[in-house]
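Enquirer: My questions will all concern the structure given below.
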Amino acid sequence: MPPIAEPRAFLEALFHAAVAAADPEKVLAAHLPEKPKGRTVVIGAGKGAAQMARAFERLWDGPLSGVVVTRYGYAVACERIEILEAAHPVPDENGIKASRRLMETVTGLTENDLVVALVCGGGSALLPAPPEGLSLEDEIAVNRALLASGAPIRAMNCVRKQVSRIKGGRLAALAHPARVVSLVVSDIPGDNPALVASGPTIPDAGTRNDALRIIDRYRLDLPGAVMHHIRAGSGEAPTPEDLPFARDEVRLVASAAVSLDAAAAAARRQGIEAVILSDAIEGEASDVGRVHAAIAAETAQRNRPFARPVVVLSGGETTVTVRGKGKGGRNGEFLLGLACGIDGVDGVSALAADTDGIDGSENNAGAFADGTTVARLAAAGLDAAMLLAGNDSWTAFDALGDLFVPGPTGTNVNDFRAILIR
């Protein structure tokens with residue numbers, strides 16, 4: 001079995017194989033809906049929505065129009081679909097304007113018209129639309145509280161849709177009686193499409209009482225106006241059984257499971273066995289990192305539970321309970337936790353990165369780590385444990401030159417983790 005001379009290059013190649021498997025140009029062609037008698041209107045939101053729009057334009061043989069919103073810096077040129085940009089992960093005024101444009105775009109359609117919704121991760125922040133009595137500042141406060149809470153994404157989106165005029169299927173309800181076909185790139189553990197971007201075109205069964213239980217469980221400190229709105233049940237989100245959704249259709253076009261399979265195949269082509277732990281791992285990022293570290297160390301030192309050489313793959317979406325004032329995202333937090341667990345272990349190299357190209361608020365997708373990370377930090381005068389406690393993983397990996405910065409990828413199937421044990 002060939003040795004891996006450059007572990008980082010190997011791991012980076014696996015990341016790109018995973019991303020390529022979710023490339024809109026490749027995955028949308030098999031999911032195009034039938035042409036309508038009337039108009040074809042495209043809407044969309046997410047960090048890969050512009051790339052999805054461009055791919056759809058190229059694939060669709062017929063007239064169309066529409067508008068999608070993506071994160072600042074993620075736009076690509078389209079000919080017939082207008083691309084808007086707004087803030088992520090904290091909403092801004094341009095997000096308000098984009099939400100209004102999307103709602104206006106689907107208003108006044110007929111039963112002969114088709115709405116194609118291009119939905120991927122990141123849409124929740126990009127589509128702020130506070131209901132009457134609430135403000136953008138209220139929605140920002142909700143988003144900040146959720147991001148710092150450590151709550152899983154399904155819980156976050158259950159709360160988000162209760163304080164919105166566009167989430168939780170409301171955008172699709174506005175399009176009625178037109179038929180809505182949602183083409184979804186899933187970044188959600190378990191691939192429930194109603195949770196991707198808080199489901200602007202896909203309702204789910206979550207209720208305001210579920211949202212109140214989540215608020216209580218995670219001790220969310222939300223503005224009084226928001227709590228009053230939720231408790232009052234003002235504008236309860238629609239349910240999947242409601243009439244406006246009877247003709248709608250949802251198609252999952254890409255997911256973490258498919259991308260991890262592609263990465264595993266790429267590893268095997270290089271003669272390295274690959275195992276996939278799960279495509280739906282959740283939990284506190286640093287804790288998940290320590291569990292992965294234990295598996296890697298056991299394999300490196302005792303050749304169990306997996307035989308060396310092997311690459312251990314996993315996906316999903318971890319969370320970070322913010323306690324410090326440092327910089328970084330969940331993949332950096334995972335890696336710093338892993339680095340502490342494999343300190344001094346030879347032959348282990350890891351990459352963790354968000355498949356959309358951005359981990360947290362900085363410009364890196366993630367970072368690299370190995371059994372020397374903690375010692376190299378110490379040599380630079382930095383304490384790995386203290387950095388982890390302060391949620392400052394970006395500072396750690398930036399100091400070592402170990403950040404991974406591929407730029408925007410045009411898709412989003414959530415976290416990608418690969419640990420090579422040689």
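Ordered as shown in the structure tokens, chains take letters A, B, and onward, while each chain numbers its residues from 1 and ligands are numbered from 1 in the order shown.
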Identify, on the basis of only C-alpha atoms, every residue whose closest approach to Glu137 of chain A does not exceed 12 Å; exclude the query and any residue fewer than 3 positions from it along the same chain; express the result as a count of residues only.
Expert: 20
Enquirer: So which residues touch segment 389-398 of chain A within 6 Å, counting only C-alpha atoms, skipping near sequence neighbours fewer than 6 positions away, as a ChimeraX atom specification?
Expert: /A:324,326-328,332-333
Enquirer: Which residues are near segment 211-221 of chain A? Cut-off 7 Å, only C-alpha atoms, ignore same chain within fewer than 4 positions. Put them as a count of residues only.
Expert: 7
Enquirer: Using only C-alpha atoms, determine which residues lie at most 10 Å from Ala21 of chain A, disregarding the query and same-chain residues fewer than 6 positions distant; provide the list as a PyMOL selection string.
Expert: chain A and resi 27+254-256+258-263+411+413
Enquirer: Save out the residues we just selected, N, CA and C atoms, as a short mmCIF file (atom, residue, chain, number, x, y, z; two decimals), in the first residue's frame.
Expert:
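Dumped everything to out-v6.cif:
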data_model
loop_
_atom_site.label_atom_id
_atom_site.label_comp_id
_atom_site.auth_asym_id
_atom_site.auth_seq_id
_atom_site.Cartn_x
_atom_site.Cartn_y
_atom_site.Cartn_z
N VAL A 27 -25.34 17.97 -10.11
CA VAL A 27 -26.45 17.31 -9.41
C VAL A 27 -27.83 17.79 -9.84
N ALA A 254 -28.43 17.05 -3.19
CA ALA A 254 -27.08 16.77 -2.70
C ALA A 254 -27.12 16.71 -1.18
N SER A 255 -26.19 15.90 -0.62
CA SER A 255 -26.17 15.73 0.83
C SER A 255 -24.78 15.31 1.29
N ALA A 256 -24.58 15.36 2.61
CA ALA A 256 -23.29 14.95 3.17
C ALA A 256 -23.00 13.48 2.90
N VAL A 258 -23.69 11.57 0.32
CA VAL A 258 -23.15 11.37 -1.03
C VAL A 258 -21.72 11.92 -1.11
N SER A 259 -21.49 13.07 -0.49
CA SER A 259 -20.16 13.67 -0.53
C SER A 259 -19.12 12.85 0.22
N LEU A 260 -19.50 12.28 1.36
CA LEU A 260 -18.56 11.43 2.09
C LEU A 260 -18.24 10.17 1.31
N ASP A 261 -19.24 9.62 0.63
CA ASP A 261 -18.98 8.44 -0.23
C ASP A 261 -17.96 8.80 -1.31
N ALA A 262 -18.08 9.98 -1.88
CA ALA A 262 -17.14 10.41 -2.92
C ALA A 262 -15.73 10.56 -2.36
N ALA A 263 -15.62 11.11 -1.15
CA ALA A 263 -14.31 11.25 -0.52
C ALA A 263 -13.70 9.89 -0.22
N THR A 411 -21.31 25.38 -2.91
CA THR A 411 -22.27 24.39 -2.40
C THR A 411 -22.16 24.38 -0.88
N VAL A 413 -22.80 21.19 2.01
CA VAL A 413 -23.34 19.96 2.61
C VAL A 413 -22.76 19.77 4.01
#
Enquirer: Would you kindly return, as a PyMOL selection string, each protein, DNA or RNA residue with an atom no farther than 6 Å from any atom of segment 61-74 of chain A, considering only C-alpha atoms and excluding same-chain residues fewer than 5 positions away?
Expert: chain A and resi 40-47+49+80-88
Enquirer: Suppose we keep N, CA and C atoms; can you now write the selection as a PDB file, in the first residue's frame?
Expert:
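Once written, out28.pdb looks like this:
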ATOM      1  N   THR A  40     -42.104  30.156 -15.581  1.00  0.00           N
ATOM      2  CA  THR A  40     -41.162  29.511 -14.671  1.00  0.00           C
ATOM      3  C   THR A  40     -40.445  30.608 -13.894  1.00  0.00           C
ATOM      4  N   VAL A  41     -40.627  30.596 -12.587  1.00  0.00           N
ATOM      5  CA  VAL A  41     -40.052  31.619 -11.715  1.00  0.00           C
ATOM      6  C   VAL A  41     -39.086  30.941 -10.746  1.00  0.00           C
ATOM      7  N   VAL A  42     -37.865  31.429 -10.687  1.00  0.00           N
ATOM      8  CA  VAL A  42     -36.838  30.854  -9.820  1.00  0.00           C
ATOM      9  C   VAL A  42     -36.618  31.761  -8.620  1.00  0.00           C
ATOM     10  N   ILE A  43     -36.636  31.163  -7.438  1.00  0.00           N
ATOM     11  CA  ILE A  43     -36.272  31.871  -6.217  1.00  0.00           C
ATOM     12  C   ILE A  43     -35.234  31.021  -5.489  1.00  0.00           C
ATOM     13  N   GLY A  44     -34.535  31.617  -4.533  1.00  0.00           N
ATOM     14  CA  GLY A  44     -33.570  30.802  -3.802  1.00  0.00           C
ATOM     15  C   GLY A  44     -32.842  31.580  -2.741  1.00  0.00           C
ATOM     16  N   ALA A  45     -32.220  30.837  -1.829  1.00  0.00           N
ATOM     17  CA  ALA A  45     -31.443  31.452  -0.761  1.00  0.00           C
ATOM     18  C   ALA A  45     -30.430  30.452  -0.223  1.00  0.00           C
ATOM     19  N   GLY A  46     -29.257  30.990   0.137  1.00  0.00           N
ATOM     20  CA  GLY A  46     -28.225  30.154   0.727  1.00  0.00           C
ATOM     21  C   GLY A  46     -26.856  30.542   0.223  1.00  0.00           C
ATOM     22  N   LYS A  47     -25.845  29.990   0.869  1.00  0.00           N
ATOM     23  CA  LYS A  47     -24.471  30.344   0.508  1.00  0.00           C
ATOM     24  C   LYS A  47     -24.056  29.768  -0.838  1.00  0.00           C
ATOM     25  N   ALA A  49     -26.536  29.452  -3.303  1.00  0.00           N
ATOM     26  CA  ALA A  49     -27.715  29.686  -4.134  1.00  0.00           C
ATOM     27  C   ALA A  49     -27.378  30.300  -5.485  1.00  0.00           C
ATOM     28  N   ARG A  80     -30.383  35.498 -16.493  1.00  0.00           N
ATOM     29  CA  ARG A  80     -31.821  35.757 -16.360  1.00  0.00           C
ATOM     30  C   ARG A  80     -32.291  35.799 -14.915  1.00  0.00           C
ATOM     31  N   ILE A  81     -31.479  35.355 -13.996  1.00  0.00           N
ATOM     32  CA  ILE A  81     -31.844  35.343 -12.587  1.00  0.00           C
ATOM     33  C   ILE A  81     -31.030  36.421 -11.871  1.00  0.00           C
ATOM     34  N   GLU A  82     -31.710  37.293 -11.155  1.00  0.00           N
ATOM     35  CA  GLU A  82     -31.036  38.353 -10.423  1.00  0.00           C
ATOM     36  C   GLU A  82     -30.428  37.801  -9.143  1.00  0.00           C
ATOM     37  N   ILE A  83     -29.190  38.175  -8.867  1.00  0.00           N
ATOM     38  CA  ILE A  83     -28.490  37.717  -7.672  1.00  0.00           C
ATOM     39  C   ILE A  83     -28.364  38.872  -6.685  1.00  0.00           C
ATOM     40  N   LEU A  84     -28.884  38.665  -5.486  1.00  0.00           N
ATOM     41  CA  LEU A  84     -28.766  39.648  -4.410  1.00  0.00           C
ATOM     42  C   LEU A  84     -27.811  39.116  -3.350  1.00  0.00           C
ATOM     43  N   GLU A  85     -27.202  40.026  -2.595  1.00  0.00           N
ATOM     44  CA  GLU A  85     -26.296  39.628  -1.520  1.00  0.00           C
ATOM     45  C   GLU A  85     -26.741  40.250  -0.202  1.00  0.00           C
ATOM     46  N   ALA A  86     -26.513  39.509   0.877  1.00  0.00           N
ATOM     47  CA  ALA A  86     -26.868  39.985   2.209  1.00  0.00           C
ATOM     48  C   ALA A  86     -25.896  39.373   3.214  1.00  0.00           C
ATOM     49  N   ALA A  87     -26.085  39.714   4.479  1.00  0.00           N
ATOM     50  CA  ALA A  87     -25.126  39.312   5.513  1.00  0.00           C
ATOM     51  C   ALA A  87     -25.409  37.914   6.058  1.00  0.00           C
ATOM     52  N   HIS A  88     -24.346  37.251   6.429  1.00  0.00           N
ATOM     53  CA  HIS A  88     -24.376  35.941   7.098  1.00  0.00           C
ATOM     54  C   HIS A  88     -23.149  35.870   8.002  1.00  0.00           C
TER      55      HIS A  88
END
Enquirer: Residues at most 9 Å from Gln162 of chain A, counting only C-alpha atoms, excluding those fewer than 2 positions away in the same chain, as a list in words?
Expert: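 Neighbouring residues, sequence-local ones excluded: Asn157, Cys158, Val159, Arg160, Ser164, Arg165, Lys167, Gly168, Thr207, Arg208, Ala211, His229, Ile230, Gly233, Ser234, Gly235, Glu236 and Ala237 of chain A.
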Enquirer: Print the selection's residues with C-alpha atoms to a file, as a tab-separated table (two decimals), in the first residue's frame.
Expert:
chain	number	residue	atom	x	y	z
A	157	ASN	CA	-34.69	26.61	12.98
A	158	CYS	CA	-37.76	25.68	15.02
A	159	VAL	CA	-37.36	28.98	16.88
A	160	ARG	CA	-36.40	31.01	13.83
A	164	SER	CA	-40.57	35.21	10.46
A	165	ARG	CA	-42.91	36.06	7.59
A	167	LYS	CA	-39.60	30.84	6.88
A	168	GLY	CA	-41.40	27.60	7.74
A	207	THR	CA	-45.01	24.37	16.64
A	208	ARG	CA	-44.68	27.48	18.79
A	211	ALA	CA	-40.09	26.63	20.16
A	229	HIS	CA	-45.06	37.20	19.84
A	230	ILE	CA	-44.30	33.50	20.25
A	233	GLY	CA	-49.23	32.39	18.75
A	234	SER	CA	-49.41	35.29	16.32
A	235	GLY	CA	-49.08	33.90	12.82
A	236	GLU	CA	-48.46	30.24	13.68
A	237	ALA	CA	-46.33	28.62	10.97
Enquirer: What does the distance between atom CA of Asp354 of chain A and atom CA of Asp415 of chain A come to in Å, to one decimal place?
Expert: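 Atom CA of Asp354 of chain A sits 4.5 Å away from atom CA of Asp415 of chain A.
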Enquirer: So which residues of segment 141-230 of chain A fall under alpha helix (DSSP H) by DSSP, listed as JSON, numbers by chain?
Expert: {"A": [141, 142, 143, 144, 145, 146, 147, 148, 149, 153, 154, 155, 156, 157, 158, 159, 160, 170, 171, 172, 173, 174, 175, 208, 209, 210, 211, 212, 213, 214, 215, 216, 217, 224, 225, 226, 227, 228, 229, 230]}
Enquirer: At a cut-off of 12 Å, using only C-alpha atoms, what residues contact segment 370-387 of chain A? Leave out same-chain residues fewer than 2 positions from it and give the result as a ChimeraX atom specification.
Expert: /A:7-8,286,293,296-297,300,323-328,332-333,335-352,367-368,389-402,418-422
Enquirer: With N, CA and C atoms retained, could you export that selection as a short mmCIF file (atom, residue, chain, number, x, y, z; two decimals), in the first residue's frame?
Expert:
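For reference, out25.cif as written:
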data_model
loop_
_atom_site.label_atom_id
_atom_site.label_comp_id
_atom_site.auth_asym_id
_atom_site.auth_seq_id
_atom_site.Cartn_x
_atom_site.Cartn_y
_atom_site.Cartn_z
N PRO A 7 0.49 14.32 3.66
CA PRO A 7 -0.84 14.11 4.24
C PRO A 7 -1.81 15.26 3.99
N ARG A 8 -1.33 16.50 4.05
CA ARG A 8 -2.25 17.62 3.86
C ARG A 8 -2.80 17.65 2.45
N SER A 286 -15.92 20.71 20.45
CA SER A 286 -14.68 20.27 21.11
C SER A 286 -14.82 18.86 21.67
N ALA A 293 -10.51 12.03 18.46
CA ALA A 293 -9.10 11.87 18.85
C ALA A 293 -8.87 10.52 19.50
N ALA A 296 -8.75 7.93 16.81
CA ALA A 296 -7.52 8.04 16.03
C ALA A 296 -6.32 7.51 16.82
N ALA A 297 -6.24 7.86 18.09
CA ALA A 297 -5.11 7.41 18.91
C ALA A 297 -5.13 5.90 19.09
N ALA A 300 -3.92 4.44 15.86
CA ALA A 300 -2.49 4.68 15.66
C ALA A 300 -1.64 3.81 16.55
N ARG A 323 -18.41 30.77 25.16
CA ARG A 323 -18.10 31.21 26.53
C ARG A 323 -16.98 32.25 26.54
N GLY A 324 -16.18 32.29 25.47
CA GLY A 324 -15.07 33.23 25.39
C GLY A 324 -15.31 34.27 24.32
N LYS A 325 -14.29 35.07 24.06
CA LYS A 325 -14.40 36.16 23.09
C LYS A 325 -13.44 35.97 21.92
N GLY A 326 -13.01 34.73 21.71
CA GLY A 326 -12.07 34.47 20.62
C GLY A 326 -12.75 34.39 19.27
N LYS A 327 -11.95 34.05 18.25
CA LYS A 327 -12.44 33.94 16.89
C LYS A 327 -12.34 32.49 16.43
N GLY A 328 -13.26 32.11 15.55
CA GLY A 328 -13.22 30.75 15.02
C GLY A 328 -14.61 30.20 14.83
N GLY A 332 -12.87 24.66 13.47
CA GLY A 332 -11.66 24.98 14.22
C GLY A 332 -11.75 24.49 15.65
N GLU A 333 -12.93 24.66 16.24
CA GLU A 333 -13.13 24.21 17.62
C GLU A 333 -12.99 22.69 17.72
N LEU A 335 -11.22 20.79 15.71
CA LEU A 335 -9.82 20.43 15.49
C LEU A 335 -8.94 20.71 16.70
N LEU A 336 -9.21 21.80 17.40
CA LEU A 336 -8.41 22.11 18.58
C LEU A 336 -8.68 21.09 19.68
N GLY A 337 -9.95 20.66 19.80
CA GLY A 337 -10.26 19.59 20.74
C GLY A 337 -9.57 18.29 20.35
N LEU A 338 -9.57 17.99 19.05
CA LEU A 338 -8.89 16.79 18.56
C LEU A 338 -7.39 16.88 18.81
N ALA A 339 -6.80 18.06 18.53
CA ALA A 339 -5.36 18.23 18.71
C ALA A 339 -4.95 17.97 20.15
N CYS A 340 -5.76 18.43 21.10
CA CYS A 340 -5.45 18.17 22.51
C CYS A 340 -5.48 16.67 22.81
N GLY A 341 -6.36 15.94 22.12
CA GLY A 341 -6.49 14.51 22.37
C GLY A 341 -5.45 13.65 21.70
N ILE A 342 -4.80 14.17 20.64
CA ILE A 342 -3.77 13.38 19.94
C ILE A 342 -2.38 13.97 20.17
N ASP A 343 -2.25 14.82 21.17
CA ASP A 343 -0.96 15.44 21.45
C ASP A 343 0.12 14.38 21.63
N GLY A 344 1.16 14.45 20.79
CA GLY A 344 2.27 13.52 20.87
C GLY A 344 2.07 12.21 20.15
N VAL A 345 0.91 11.98 19.55
CA VAL A 345 0.64 10.73 18.83
C VAL A 345 1.19 10.87 17.41
N ASP A 346 2.05 9.96 17.02
CA ASP A 346 2.66 9.99 15.69
C ASP A 346 1.69 9.45 14.63
N GLY A 347 1.83 9.95 13.42
CA GLY A 347 1.15 9.36 12.28
C GLY A 347 -0.30 9.74 12.11
N VAL A 348 -0.77 10.79 12.79
CA VAL A 348 -2.16 11.22 12.68
C VAL A 348 -2.21 12.64 12.12
N SER A 349 -2.96 12.83 11.05
CA SER A 349 -3.15 14.16 10.45
C SER A 349 -4.64 14.33 10.18
N ALA A 350 -5.14 15.55 10.35
CA ALA A 350 -6.58 15.77 10.21
C ALA A 350 -6.88 17.08 9.51
N LEU A 351 -8.01 17.09 8.81
CA LEU A 351 -8.58 18.29 8.23
C LEU A 351 -10.05 18.32 8.60
N ALA A 352 -10.52 19.46 9.09
CA ALA A 352 -11.94 19.68 9.31
C ALA A 352 -12.30 21.01 8.67
N ALA A 367 -9.24 24.02 9.14
CA ALA A 367 -7.79 24.01 9.41
C ALA A 367 -7.28 22.57 9.39
N PHE A 368 -5.96 22.46 9.53
CA PHE A 368 -5.27 21.18 9.65
C PHE A 368 -4.75 21.03 11.07
N ALA A 389 -10.70 27.00 25.57
CA ALA A 389 -11.65 27.51 26.56
C ALA A 389 -12.18 28.89 26.17
N GLY A 390 -11.39 29.65 25.43
CA GLY A 390 -11.80 30.99 25.01
C GLY A 390 -12.42 31.02 23.64
N ASN A 391 -12.74 29.85 23.08
CA ASN A 391 -13.32 29.78 21.73
C ASN A 391 -12.46 30.53 20.72
N ASP A 392 -11.14 30.31 20.79
CA ASP A 392 -10.20 31.07 19.98
C ASP A 392 -9.39 30.17 19.06
N SER A 393 -10.07 29.24 18.40
CA SER A 393 -9.36 28.29 17.54
C SER A 393 -8.71 28.98 16.34
N TRP A 394 -9.34 30.03 15.81
CA TRP A 394 -8.77 30.71 14.65
C TRP A 394 -7.38 31.25 14.99
N THR A 395 -7.24 31.84 16.16
CA THR A 395 -5.94 32.39 16.57
C THR A 395 -4.89 31.29 16.64
N ALA A 396 -5.30 30.13 17.14
CA ALA A 396 -4.37 29.00 17.27
C ALA A 396 -3.84 28.56 15.91
N PHE A 397 -4.74 28.30 14.98
CA PHE A 397 -4.31 27.76 13.70
C PHE A 397 -3.71 28.83 12.79
N ASP A 398 -4.12 30.06 12.97
CA ASP A 398 -3.49 31.15 12.22
C ASP A 398 -2.04 31.31 12.65
N ALA A 399 -1.76 31.20 13.95
CA ALA A 399 -0.39 31.34 14.46
C ALA A 399 0.53 30.26 13.89
N LEU A 400 -0.03 29.09 13.58
CA LEU A 400 0.76 27.98 13.05
C LEU A 400 0.80 27.94 11.53
N GLY A 401 0.03 28.80 10.89
CA GLY A 401 -0.05 28.73 9.43
C GLY A 401 -0.83 27.52 8.96
N ASP A 402 -1.76 27.05 9.78
CA ASP A 402 -2.48 25.81 9.48
C ASP A 402 -3.93 26.03 9.08
N ALA A 418 -11.82 14.67 8.04
CA ALA A 418 -11.03 13.54 7.57
C ALA A 418 -9.79 13.41 8.45
N ILE A 419 -9.58 12.24 9.00
CA ILE A 419 -8.42 11.97 9.86
C ILE A 419 -7.65 10.81 9.25
N LEU A 420 -6.43 11.10 8.81
CA LEU A 420 -5.56 10.07 8.24
C LEU A 420 -4.67 9.49 9.32
N ILE A 421 -4.72 8.17 9.46
CA ILE A 421 -3.83 7.47 10.41
C ILE A 421 -2.92 6.59 9.57
N ARG A 422 -1.62 6.92 9.57
CA ARG A 422 -0.68 6.25 8.68
C ARG A 422 -0.06 5.03 9.34
#
Enquirer: Of the candidates A:Ser186, A:Thr321, A:Thr107, A:Gln51, which shows the shortest atom-to-atom distance to Arg251 of chain A, using only C-alpha atoms?
Expert: A:Ser186
Enquirer: Have a look at A:Ala266, A:Ala205, A:Leu388, A:Leu252 and name the one nearest to Gly289 of chain A; count only C-alpha atoms.
Expert: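 Residue with the minimum atom-to-atom distance to Gly289 of chain A: A:Leu388.
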Enquirer: Name the residues of segment 32-276 of chain A that fall into strand (DSSP E) according to DSSP on the backbone, using the chain letters and numbers of this document, as a compact mmCIF listing (two decimals) with N, CA and C atoms, in the first residue's frame.
Expert:
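Generated file (part28.txt):
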# COMPACT_ATOMS: atom_id res chain seq x y z
N THR A 40 -42.10 30.16 -15.58
CA THR A 40 -41.16 29.51 -14.67
C THR A 40 -40.45 30.61 -13.89
N VAL A 41 -40.63 30.60 -12.59
CA VAL A 41 -40.05 31.62 -11.72
C VAL A 41 -39.09 30.94 -10.75
N VAL A 42 -37.86 31.43 -10.69
CA VAL A 42 -36.84 30.85 -9.82
C VAL A 42 -36.62 31.76 -8.62
N ILE A 43 -36.64 31.16 -7.44
CA ILE A 43 -36.27 31.87 -6.22
C ILE A 43 -35.23 31.02 -5.49
N GLY A 44 -34.53 31.62 -4.53
CA GLY A 44 -33.57 30.80 -3.80
C GLY A 44 -32.84 31.58 -2.74
N ALA A 45 -32.22 30.84 -1.83
CA ALA A 45 -31.44 31.45 -0.76
C ALA A 45 -30.43 30.45 -0.22
N SER A 65 -37.42 33.50 -15.17
CA SER A 65 -36.98 34.72 -14.50
C SER A 65 -36.89 34.40 -13.03
N GLY A 66 -36.33 35.32 -12.25
CA GLY A 66 -36.30 35.06 -10.83
C GLY A 66 -35.24 35.84 -10.09
N VAL A 67 -35.12 35.55 -8.80
CA VAL A 67 -34.18 36.24 -7.92
C VAL A 67 -33.77 35.30 -6.80
N VAL A 68 -32.48 35.29 -6.47
CA VAL A 68 -31.98 34.51 -5.35
C VAL A 68 -31.05 35.41 -4.52
N VAL A 69 -30.85 35.01 -3.26
CA VAL A 69 -29.99 35.79 -2.37
C VAL A 69 -28.89 34.89 -1.82
N THR A 70 -27.68 35.41 -1.77
CA THR A 70 -26.54 34.68 -1.23
C THR A 70 -25.73 35.59 -0.32
N ARG A 71 -24.71 35.04 0.27
CA ARG A 71 -23.85 35.79 1.18
C ARG A 71 -22.96 36.76 0.41
N ILE A 81 -31.48 35.35 -14.00
CA ILE A 81 -31.84 35.34 -12.59
C ILE A 81 -31.03 36.42 -11.87
N GLU A 82 -31.71 37.29 -11.16
CA GLU A 82 -31.04 38.35 -10.42
C GLU A 82 -30.43 37.80 -9.14
N ILE A 83 -29.19 38.17 -8.87
CA ILE A 83 -28.49 37.72 -7.67
C ILE A 83 -28.36 38.87 -6.68
N LEU A 84 -28.88 38.67 -5.49
CA LEU A 84 -28.77 39.65 -4.41
C LEU A 84 -27.81 39.12 -3.35
N GLU A 85 -27.20 40.03 -2.60
CA GLU A 85 -26.30 39.63 -1.52
C GLU A 85 -26.74 40.25 -0.20
N ALA A 86 -26.51 39.51 0.88
CA ALA A 86 -26.87 39.98 2.21
C ALA A 86 -25.90 39.37 3.21
N LEU A 114 -44.94 27.75 -12.49
CA LEU A 114 -44.03 26.90 -11.72
C LEU A 114 -43.03 27.78 -10.99
N VAL A 115 -42.89 27.52 -9.69
CA VAL A 115 -41.85 28.16 -8.90
C VAL A 115 -40.79 27.12 -8.57
N VAL A 116 -39.55 27.40 -8.95
CA VAL A 116 -38.44 26.51 -8.61
C VAL A 116 -37.64 27.19 -7.50
N ALA A 117 -37.61 26.55 -6.34
CA ALA A 117 -36.90 27.10 -5.19
C ALA A 117 -35.56 26.41 -5.04
N LEU A 118 -34.48 27.18 -5.10
CA LEU A 118 -33.12 26.67 -4.95
C LEU A 118 -32.69 26.98 -3.52
N VAL A 119 -32.62 25.95 -2.69
CA VAL A 119 -32.45 26.16 -1.25
C VAL A 119 -31.21 25.42 -0.76
N ARG A 179 -47.45 25.91 -8.55
CA ARG A 179 -46.78 24.72 -8.03
C ARG A 179 -45.35 25.10 -7.66
N VAL A 180 -44.89 24.63 -6.50
CA VAL A 180 -43.53 24.92 -6.03
C VAL A 180 -42.74 23.63 -5.98
N VAL A 181 -41.61 23.61 -6.67
CA VAL A 181 -40.68 22.48 -6.61
C VAL A 181 -39.40 22.99 -5.95
N SER A 182 -39.08 22.44 -4.79
CA SER A 182 -37.89 22.85 -4.05
C SER A 182 -36.75 21.89 -4.34
N LEU A 183 -35.64 22.42 -4.84
CA LEU A 183 -34.43 21.65 -5.08
C LEU A 183 -33.45 22.00 -3.96
N VAL A 184 -33.15 21.03 -3.11
CA VAL A 184 -32.49 21.31 -1.84
C VAL A 184 -31.13 20.63 -1.76
N VAL A 185 -30.13 21.42 -1.41
CA VAL A 185 -28.81 20.90 -1.03
C VAL A 185 -28.78 20.89 0.49
N GLU A 249 -43.56 19.92 -4.41
CA GLU A 249 -42.66 18.76 -4.43
C GLU A 249 -41.29 19.18 -3.90
N VAL A 250 -40.63 18.26 -3.23
CA VAL A 250 -39.30 18.51 -2.66
C VAL A 250 -38.34 17.45 -3.21
N ARG A 251 -37.20 17.91 -3.71
CA ARG A 251 -36.20 16.98 -4.23
C ARG A 251 -34.85 17.29 -3.59
N LEU A 252 -34.29 16.32 -2.90
CA LEU A 252 -32.97 16.45 -2.30
C LEU A 252 -31.93 16.17 -3.37
N VAL A 253 -31.13 17.16 -3.73
CA VAL A 253 -30.21 17.02 -4.86
C VAL A 253 -28.78 16.73 -4.44
N ALA A 254 -28.43 17.05 -3.19
CA ALA A 254 -27.08 16.77 -2.70
C ALA A 254 -27.12 16.71 -1.18
N GLU A 273 -7.59 2.73 2.71
CA GLU A 273 -8.94 2.35 3.12
C GLU A 273 -9.61 3.53 3.82
N ALA A 274 -10.92 3.64 3.65
CA ALA A 274 -11.68 4.73 4.26
C ALA A 274 -12.87 4.16 5.01
N VAL A 275 -13.15 4.73 6.17
CA VAL A 275 -14.34 4.37 6.93
C VAL A 275 -15.12 5.64 7.22
N ILE A 276 -16.43 5.56 7.14
CA ILE A 276 -17.30 6.69 7.41
C ILE A 276 -18.00 6.44 8.74
Enquirer: Please compute the atom CA of Ala53 of chain A-atom CA of Gly407 of chain A distance, one decimal, in Å.
Expert: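 Interatomic distance here is 18.9 Å.
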